[in-house]
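Chemist: This structure is in structure tokens; I'll ask about it shortly.
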Amino acid sequence: MMQRMSLTLAVNGKPQEVPTGSLLPDLLKTLGLADAQVALEINGELVPKRKWPVRELSAGDRIEVVTLVGGG
Amino acid sequence: MGVRLDKPLEIGPLQLTSRLLMGSGRYASHEEMVACLEASGAELITVAVRRVNLDQRAGTSLLDHIDRERFQILPNTAGCYEVSDALRTARLARELLDTPLVKLEVIGDPHTLLPDPIGTVEATRILVDEGFVVMAYCSDDPRLVATLEQAGAAAVMPAGSPIGSGRGVANPGNIEIARSLVELPLIVDAGLGTASDVALAMELGADGVLLNSAVAGAEEPVLMARAMKSACRAGRDAYLAGRIPSRLHAQASSPATGLLGEALSL
């Protein structure tokens with residue numbers, strides 16, 4: 001059976017394709033956020049930055065990428 | 001004769017000289033925001049946590065504009081209607097900023113934006129357990145303020161009136177009663193519209209005020225920021241100085257004797 005070469009995530013509510021075996025930093029690079037000040041949740045759980053390099057992505061993962069904006 | 005010096009405002013690990021806290025929302029530009037923050041003299045600035053907009057990349061991010069040597073950042077959980085969302089937002093903010101500080105908002109409904117008191121107490125307990133320094137936005141109910149103190153909040157932030165309403169301190173008596181019930185720093189947050197609202201909040205015994213719309217929405221925001229700085233200091237000084245009691249009838253400040261034509265009693 002041929003292995004699928006890509007998988008689909010939901011990033012901030014929108015579908016996003018990434019190659020199979022991608023890690024979180026690969027996704028951030030794809031999104032143009034490699035150097036951005038962001039924090040991340042996968043499936044409702046915070047993923048601390050120190051764990052990003054080893055965190056593999058799975059099909060259907062719901063990822064939230066947040067940053068800071070003006071507010072009171 | 002020397003004038004009494006004020007103490008710094010202590011909230012958790014923070015020591016603030018300025019008792020005016022400022023929000024960073026609704027400004028026309030980052031430049032205008034920075035000018036207002038500087039004019040206000042504020043040292044603690046609130047920010048919000050939101051999804052990165054993946055379709056439209058902003059050129060610069062908010063924190064590129066706020067000098068963190070000069071300003072401390074207080075993330076909020078604005079827009080959270082569920083305890084679970086407020087907890088997630090607080091944890092994301094701590095990860096982003098490496099700060100235990102959070103301005104906790106659990107909002108009841110989108111129409112009034114009034115805080116959900118029960119959710120706020122529940123979220124306060126959980127976040128305090130997780131090591132957060134919780135500054136709890138709440139309604140001006142004095143009993144609620146006391147309950148939040150017992151729940152471990154580091155500061156209570158009763159609303160003067162609904163967020164963005166500009167109605168000032170709707171119930172001054174509640175702020176005074178709340179002040180008398182708790183030891184915690186009490187910051188009047190939300191609803192303040194102009195300088196006299198800020199002065200009144202401080203005269204009632206608030207330890208500080210938090211402003212956003214009143215400055216960002218003014219016709220001249222930088223001038224309003226300066227007005228608010230003066231009002232905050234004036235109100236604080238008046239509170240410390242101890243005002244005279246209010247009375248119905250006149251009481252002359254000039255001597256009532258020694259007047260011209262006064263009849264001498266022989």
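In the structure tokens, each chain is lettered A, B, ... as it comes, each chain's residues begin at 1, and ligands are numbered from 1 in order of appearance.
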Using only C-alpha atoms, I'd like every residue of chain A that has an atom within 8 Å of chain B; please write them out as a PyMOL selection string.

Modeler: chain A and resi 12+31+37-41+44-46+48-49+64-72

Chemist: With C-alpha atoms retained, export the selected residues as an mmCIF file, in the first residue's frame.

Modeler:
```
data_model
loop_
_atom_site.group_PDB
_atom_site.id
_atom_site.type_symbol
_atom_site.label_atom_id
_atom_site.label_comp_id
_atom_site.auth_asym_id
_atom_site.auth_seq_id
_atom_site.Cartn_x
_atom_site.Cartn_y
_atom_site.Cartn_z
ATOM 1 C CA ASN A 12 -6.751 28.465 12.909
ATOM 2 C CA LEU A 31 3.138 29.515 7.247
ATOM 3 C CA GLN A 37 6.334 35.500 18.341
ATOM 4 C CA VAL A 38 3.527 32.979 18.569
ATOM 5 C CA ALA A 39 2.166 30.367 20.945
ATOM 6 C CA LEU A 40 0.559 27.099 19.892
ATOM 7 C CA GLU A 41 -2.126 24.666 20.860
ATOM 8 C CA GLY A 44 -6.820 22.267 22.710
ATOM 9 C CA GLU A 45 -3.551 21.563 24.554
ATOM 10 C CA LEU A 46 -0.752 24.090 24.836
ATOM 11 C CA PRO A 48 5.431 24.643 24.945
ATOM 12 C CA LYS A 49 8.052 26.035 22.602
ATOM 13 C CA GLU A 64 -4.257 27.196 17.019
ATOM 14 C CA VAL A 65 -1.513 29.738 16.405
ATOM 15 C CA VAL A 66 -1.905 32.914 18.447
ATOM 16 C CA THR A 67 -0.073 36.158 18.961
ATOM 17 C CA LEU A 68 -0.555 39.412 20.852
ATOM 18 C CA VAL A 69 -2.694 42.269 19.590
ATOM 19 C CA GLY A 70 -3.864 45.541 21.046
ATOM 20 C CA GLY A 71 -6.520 45.213 23.716
ATOM 21 C CA GLY A 72 -7.763 46.494 27.030
#
```

Chemist: Need to verify the contact set: Met5 of chain A, 12 Å, only C-alpha atoms, exclusion of same-chain residues closer than 2 positions in sequence. Can you return it as a list in words?

Modeler: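 Neighbouring residues, sequence-local ones excluded: Met2, Gln3, Leu7, Thr8, Glu17, Val18, Pro19, Thr20, Gly21, Ser22 and Ala59 of chain A.
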
Chemist: Mind writing the picked residues with N, CA and C atoms as a tab-separated table (two decimals), in the first residue's frame?

Modeler:
```tsv
chain	number	residue	atom	x	y	z
A	2	MET	N	0.53	2.19	-0.86
A	2	MET	CA	1.34	3.39	-0.95
A	2	MET	C	1.01	4.33	0.22
A	3	GLN	N	2.07	4.85	0.81
A	3	GLN	CA	1.86	5.77	1.93
A	3	GLN	C	1.47	7.15	1.40
A	7	LEU	N	-0.59	15.24	4.57
A	7	LEU	CA	-1.74	15.12	5.46
A	7	LEU	C	-2.35	16.50	5.66
A	8	THR	N	-3.60	16.51	6.09
A	8	THR	CA	-4.33	17.78	6.22
A	8	THR	C	-4.56	18.10	7.69
A	17	GLU	N	-2.36	21.70	4.17
A	17	GLU	CA	-1.65	20.46	3.80
A	17	GLU	C	-0.18	20.58	4.21
A	18	VAL	N	0.35	19.51	4.79
A	18	VAL	CA	1.80	19.47	5.06
A	18	VAL	C	2.30	18.07	4.68
A	19	PRO	N	3.59	17.96	4.32
A	19	PRO	CA	4.12	16.64	4.01
A	19	PRO	C	4.04	15.70	5.22
A	20	THR	N	3.80	14.45	4.95
A	20	THR	CA	3.78	13.45	6.02
A	20	THR	C	5.11	13.48	6.76
A	21	GLY	N	5.05	13.36	8.07
A	21	GLY	CA	6.28	13.39	8.87
A	21	GLY	C	6.73	14.78	9.27
A	22	SER	N	5.93	15.80	8.92
A	22	SER	CA	6.31	17.17	9.28
A	22	SER	C	6.30	17.35	10.79
A	59	ALA	N	-2.69	13.73	10.85
A	59	ALA	CA	-3.85	14.15	10.05
A	59	ALA	C	-4.99	14.54	10.99
```

Chemist: Could you give me, as a ChimeraX atom specification, each residue of segment 157-238 of chain B that DSSP assigns to strand (DSSP E) when run on this structure's backbone?

Modeler: /B:157-158,187-189,208-211

Chemist: Since we have the selection now, will you write its residues out, keeping N, CA and C atoms, as a PDB file, in the first residue's frame?

Modeler:
```pdb
ATOM      1  N   MET B 157     -10.469  44.002  39.877  1.00  0.00           N
ATOM      2  CA  MET B 157     -10.637  45.069  38.893  1.00  0.00           C
ATOM      3  C   MET B 157     -12.120  45.289  38.593  1.00  0.00           C
ATOM      4  N   PRO B 158     -12.843  45.874  39.561  1.00  0.00           N
ATOM      5  CA  PRO B 158     -14.261  46.112  39.305  1.00  0.00           C
ATOM      6  C   PRO B 158     -14.468  47.141  38.184  1.00  0.00           C
ATOM      7  N   ILE B 187      -8.381  48.008  41.338  1.00  0.00           N
ATOM      8  CA  ILE B 187      -8.192  48.829  40.140  1.00  0.00           C
ATOM      9  C   ILE B 187      -9.552  49.014  39.474  1.00  0.00           C
ATOM     10  N   VAL B 188      -9.997  50.242  39.318  1.00  0.00           N
ATOM     11  CA  VAL B 188     -11.259  50.452  38.599  1.00  0.00           C
ATOM     12  C   VAL B 188     -10.980  50.348  37.102  1.00  0.00           C
ATOM     13  N   ASP B 189     -11.679  49.417  36.487  1.00  0.00           N
ATOM     14  CA  ASP B 189     -11.435  49.050  35.099  1.00  0.00           C
ATOM     15  C   ASP B 189     -12.747  49.218  34.347  1.00  0.00           C
ATOM     16  N   GLY B 208      -5.777  52.152  41.637  1.00  0.00           N
ATOM     17  CA  GLY B 208      -5.384  52.482  40.275  1.00  0.00           C
ATOM     18  C   GLY B 208      -6.600  52.427  39.376  1.00  0.00           C
ATOM     19  N   VAL B 209      -6.394  52.835  38.132  1.00  0.00           N
ATOM     20  CA  VAL B 209      -7.443  52.720  37.120  1.00  0.00           C
ATOM     21  C   VAL B 209      -6.819  52.158  35.852  1.00  0.00           C
ATOM     22  N   LEU B 210      -7.644  51.458  35.077  1.00  0.00           N
ATOM     23  CA  LEU B 210      -7.217  50.965  33.767  1.00  0.00           C
ATOM     24  C   LEU B 210      -8.104  51.595  32.704  1.00  0.00           C
ATOM     25  N   LEU B 211      -7.460  52.198  31.722  1.00  0.00           N
ATOM     26  CA  LEU B 211      -8.168  52.917  30.665  1.00  0.00           C
ATOM     27  C   LEU B 211      -7.775  52.381  29.306  1.00  0.00           C
TER      28      LEU B 211
END
```

Chemist: What are the DSSP helix (DSSP H, G or I) residues of chain A, as a list in words?

Modeler: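 Those residues are Leu24, Pro25, Asp26, Leu27, Leu28, Lys29, Thr30, Lys49, Arg50, Lys51, Trp52, Pro53 and Val54 of chain A.
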
Chemist: List the neighbours of segment 177-183 of chain B out to 12 Å using only C-alpha atoms; skip same-chain residues closer than 4 positions along the sequence, and give me the result as a ChimeraX atom specification.

Modeler: /B:10-11,138-150,152-159,171-173,187-188,201-208

Chemist: For the residues in the current selection, export C-alpha atoms as a tab-separated table (two decimals), in the first residue's frame.

Modeler:
```
chain	number	residue	atom	x	y	z
B	10	GLU	CA	2.36	46.47	44.50
B	11	ILE	CA	0.59	43.72	42.56
B	138	CYS	CA	-15.32	41.80	37.79
B	139	SER	CA	-18.52	43.67	38.41
B	140	ASP	CA	-18.63	46.27	41.19
B	141	ASP	CA	-20.43	43.99	43.66
B	142	PRO	CA	-18.48	44.36	46.93
B	143	ARG	CA	-19.24	40.77	48.02
B	144	LEU	CA	-17.89	39.43	44.72
B	145	VAL	CA	-14.73	41.47	45.18
B	146	ALA	CA	-14.29	39.92	48.65
B	147	THR	CA	-14.88	36.42	47.23
B	148	LEU	CA	-12.21	36.99	44.59
B	149	GLU	CA	-9.78	37.99	47.30
B	150	GLN	CA	-10.50	34.72	49.10
B	152	GLY	CA	-6.48	34.07	45.67
B	153	ALA	CA	-6.62	36.95	43.19
B	154	ALA	CA	-3.66	39.35	43.30
B	155	ALA	CA	-5.83	42.33	42.41
B	156	VAL	CA	-9.51	42.98	41.83
B	157	MET	CA	-10.64	45.07	38.89
B	158	PRO	CA	-14.26	46.11	39.30
B	159	ALA	CA	-15.84	47.82	36.32
B	171	ASN	CA	-22.03	53.24	41.58
B	172	PRO	CA	-19.47	55.12	43.66
B	173	GLY	CA	-20.83	53.63	46.89
B	187	ILE	CA	-8.19	48.83	40.14
B	188	VAL	CA	-11.26	50.45	38.60
B	201	ALA	CA	-12.36	56.55	41.10
B	202	MET	CA	-9.09	57.45	42.81
B	203	GLU	CA	-10.80	59.69	45.38
B	204	LEU	CA	-13.04	56.75	46.31
B	205	GLY	CA	-9.93	54.81	47.27
B	206	ALA	CA	-9.10	52.83	44.15
B	207	ASP	CA	-5.41	51.91	44.01
B	208	GLY	CA	-5.38	52.48	40.28
```

Chemist: If we count only C-alpha atoms, what is near Arg70 of chain B at a cut-off of 12 Å, once residues fewer than 2 positions away on the same chain are taken out, given as a list in words?

Modeler: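 Residues meeting the cut-off are Leu16, Val34, Leu37, Glu38, Gly41, Ala42, Glu43, Leu44, Ile45, His65, Ile66, Asp67, Arg68, Gln72 and Ile73 of chain B.
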
Chemist: State, in Å with one decimal place, the distance from atom CA of Glu122 of chain B to atom CA of Val106 of chain B.

Modeler: 9.8 Å

Chemist: List the spatial neighbours of Arg55 of chain A as a VMD selection string - criterion: any atom at most 9 Å away, only C-alpha atoms, same-chain residues fewer than 5 positions off excluded.

Modeler: chain A and resid 22 to 25 47

Chemist: Could those residues be written to a file, using N, CA and C atoms, as a PDB file, in the first residue's frame?

Modeler:
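What landed in selection-v3.pdb:
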```pdb
ATOM      1  N   SER A  22       5.926  15.797   8.920  1.00  0.00           N
ATOM      2  CA  SER A  22       6.306  17.165   9.276  1.00  0.00           C
ATOM      3  C   SER A  22       6.299  17.351  10.792  1.00  0.00           C
ATOM      4  N   LEU A  23       7.208  18.196  11.250  1.00  0.00           N
ATOM      5  CA  LEU A  23       7.239  18.599  12.660  1.00  0.00           C
ATOM      6  C   LEU A  23       6.689  20.019  12.753  1.00  0.00           C
ATOM      7  N   LEU A  24       6.410  20.451  13.954  1.00  0.00           N
ATOM      8  CA  LEU A  24       5.834  21.793  14.131  1.00  0.00           C
ATOM      9  C   LEU A  24       6.664  22.899  13.488  1.00  0.00           C
ATOM     10  N   PRO A  25       8.001  22.892  13.650  1.00  0.00           N
ATOM     11  CA  PRO A  25       8.772  23.965  13.014  1.00  0.00           C
ATOM     12  C   PRO A  25       8.622  23.989  11.491  1.00  0.00           C
ATOM     13  N   VAL A  47       1.219  23.583  23.518  1.00  0.00           N
ATOM     14  CA  VAL A  47       2.485  22.889  23.248  1.00  0.00           C
ATOM     15  C   VAL A  47       3.614  23.879  23.523  1.00  0.00           C
TER      16      VAL A  47
END
```
